[in-house]
Amino acid sequence: AGFNVGFSLRPSLIMAKKKKRTIKQWKTKIDPVFHEYVRRKEVDNHTGLGKCCTCNKTFHFSELDSGHFMGRQHLSTRWDERNVHIQCRKDNRFLYGLQYEYSLFLGPELSDELLQLSRQPMKRMEFEYQELFDLYKAKLQELKDLQSF
């Protein structure tokens, strides 16, 4: 004779779908890794010293920001390495990035290209955000392994 256990698996338990992250959540995940990478790639591997792109003064890695030429609100240039360079906190935070001086640092062609690119709407797929995060996480680890500060 048959034996009935008295339960069944609900399809919702079997096919639990992974929830998509919001753009805000991706920014929170990618930004710290990307910014540390930018700050580390533009300083000396042994001393941790680097020059601010707008005032040309030398600072230690720990005292530098990742300054954006075109603001972070523009997703098309937010994680573009050509748009982000080391900048002292004074210039970046208190002098609003000194965009004119920043444009001189970049040169007219790149400044114009980034300006045009920033005006283009950007829509990324979930996997593209994940690829960005994985790329900069790997690049950052490579740098950390090289650097002695």
# chains A, B, ... in the order shown; residues from 1 in each chain; ligands from 1
>>> residues_around(residues="Gln99 in chain A", least_positions_apart="5", cutoff="9 Å", atoms="only C-alpha atoms", output="list in words")
Thr54, His68, Phe69, Met70 and Leu104 of chain A
>>> select_by_dssp(residues="range 26-132 of chain A", states="strand (DSSP E)", output="NGL selection string")
:A and (49-51 or 58-60 or 64-68 or 84-88)
>>> write_last_selection(atoms="N, CA and C atoms", output="PDB file, in the first residue's frame")
ATOM      1  N   LEU A  49      52.979  58.742  -3.008  1.00  0.00           N
ATOM      2  CA  LEU A  49      52.825  60.171  -3.290  1.00  0.00           C
ATOM      3  C   LEU A  49      52.375  60.400  -4.728  1.00  0.00           C
ATOM      4  N   GLY A  50      51.511  61.407  -4.896  1.00  0.00           N
ATOM      5  CA  GLY A  50      51.042  61.759  -6.227  1.00  0.00           C
ATOM      6  C   GLY A  50      50.686  63.228  -6.298  1.00  0.00           C
ATOM      7  N   LYS A  51      50.629  63.756  -7.535  1.00  0.00           N
ATOM      8  CA  LYS A  51      50.346  65.178  -7.737  1.00  0.00           C
ATOM      9  C   LYS A  51      48.885  65.399  -8.116  1.00  0.00           C
ATOM     10  N   THR A  58      51.923  67.971  -4.311  1.00  0.00           N
ATOM     11  CA  THR A  58      52.105  66.556  -3.987  1.00  0.00           C
ATOM     12  C   THR A  58      51.418  66.205  -2.668  1.00  0.00           C
ATOM     13  N   PHE A  59      50.723  65.075  -2.683  1.00  0.00           N
ATOM     14  CA  PHE A  59      50.011  64.574  -1.510  1.00  0.00           C
ATOM     15  C   PHE A  59      50.182  63.067  -1.410  1.00  0.00           C
ATOM     16  N   HIS A  60      49.980  62.535  -0.203  1.00  0.00           N
ATOM     17  CA  HIS A  60      49.982  61.088  -0.020  1.00  0.00           C
ATOM     18  C   HIS A  60      48.635  60.535  -0.477  1.00  0.00           C
ATOM     19  N   LEU A  64      44.218  62.052  -0.868  1.00  0.00           N
ATOM     20  CA  LEU A  64      43.737  62.391  -2.204  1.00  0.00           C
ATOM     21  C   LEU A  64      42.328  61.877  -2.444  1.00  0.00           C
ATOM     22  N   ASP A  65      41.610  62.578  -3.305  1.00  0.00           N
ATOM     23  CA  ASP A  65      40.286  62.151  -3.770  1.00  0.00           C
ATOM     24  C   ASP A  65      40.411  61.679  -5.214  1.00  0.00           C
ATOM     25  N   SER A  66      39.382  61.002  -5.673  1.00  0.00           N
ATOM     26  CA  SER A  66      39.236  60.698  -7.091  1.00  0.00           C
ATOM     27  C   SER A  66      38.320  61.780  -7.643  1.00  0.00           C
ATOM     28  N   GLY A  67      38.918  62.777  -8.268  1.00  0.00           N
ATOM     29  CA  GLY A  67      38.140  63.897  -8.784  1.00  0.00           C
ATOM     30  C   GLY A  67      37.610  63.604 -10.174  1.00  0.00           C
ATOM     31  N   HIS A  68      36.351  63.919 -10.400  1.00  0.00           N
ATOM     32  CA  HIS A  68      35.710  63.710 -11.703  1.00  0.00           C
ATOM     33  C   HIS A  68      35.672  65.026 -12.465  1.00  0.00           C
ATOM     34  N   VAL A  84      38.472  60.601 -14.551  1.00  0.00           N
ATOM     35  CA  VAL A  84      38.706  60.597 -13.106  1.00  0.00           C
ATOM     36  C   VAL A  84      40.206  60.523 -12.818  1.00  0.00           C
ATOM     37  N   HIS A  85      40.681  61.512 -12.047  1.00  0.00           N
ATOM     38  CA  HIS A  85      42.111  61.577 -11.703  1.00  0.00           C
ATOM     39  C   HIS A  85      42.264  62.002 -10.250  1.00  0.00           C
ATOM     40  N   ILE A  86      43.489  61.820  -9.733  1.00  0.00           N
ATOM     41  CA  ILE A  86      43.692  62.214  -8.347  1.00  0.00           C
ATOM     42  C   ILE A  86      43.645  63.729  -8.213  1.00  0.00           C
ATOM     43  N   GLN A  87      43.002  64.130  -7.137  1.00  0.00           N
ATOM     44  CA  GLN A  87      42.809  65.549  -6.879  1.00  0.00           C
ATOM     45  C   GLN A  87      42.867  65.754  -5.366  1.00  0.00           C
ATOM     46  N   CYS A  88      43.485  66.849  -4.947  1.00  0.00           N
ATOM     47  CA  CYS A  88      43.525  67.108  -3.506  1.00  0.00           C
ATOM     48  C   CYS A  88      42.113  67.414  -3.017  1.00  0.00           C
TER      49      CYS A  88
END
>>> closest_residue(among="A:Asn83, A:Gln116, A:Ser148, A:Gln73", to="His35 in chain A", atoms="only C-alpha atoms")
A:Asn83
>>> closest_atom_pairs(of="range 18-98 of chain A", to="range 127-137 of chain A", cutoff="9 Å", atoms="only C-alpha atoms", output="tab-separated table")
residue	atom	partner	partner_atom	distance
A:Ile23	CA	A:Tyr129	CA	8.8
A:Trp26	CA	A:Tyr129	CA	6.7
A:Lys27	CA	A:Tyr129	CA	8.9
A:Lys29	CA	A:Phe133	CA	7.4
A:Ile30	CA	A:Phe133	CA	5.2
A:Asp31	CA	A:Phe133	CA	8.7
A:Val33	CA	A:Lys137	CA	6.1
A:Phe34	CA	A:Tyr136	CA	5.7
A:Tyr37	CA	A:Tyr136	CA	6.9
A:Trp79	CA	A:Leu132	CA	8.4
>>> select_by_dssp(residues="chain A", states="helix (DSSP H, G or I)", output="NGL selection string")
:A and (11-14 or 23-41 or 61-63 or 75-78 or 81-83 or 89-94 or 99-106 or 108-118 or 126-146)
>>> closest_residue(among="A:Arg82, A:Arg93, A:Lys139, A:Lys144", to="Leu114 in chain A", atoms="only C-alpha atoms")
A:Arg82
>>> closest_residue(among="A:Gly71, A:Asp91, A:Gln147, A:Ser103", to="Asn56 in chain A", atoms="only C-alpha atoms")
A:Asp91
>>> residues_around(residues="Met122 in chain A", least_positions_apart="2", cutoff="9 Å", atoms="only C-alpha atoms", output="ChimeraX atom specification")
/A:74-76,118,120,124
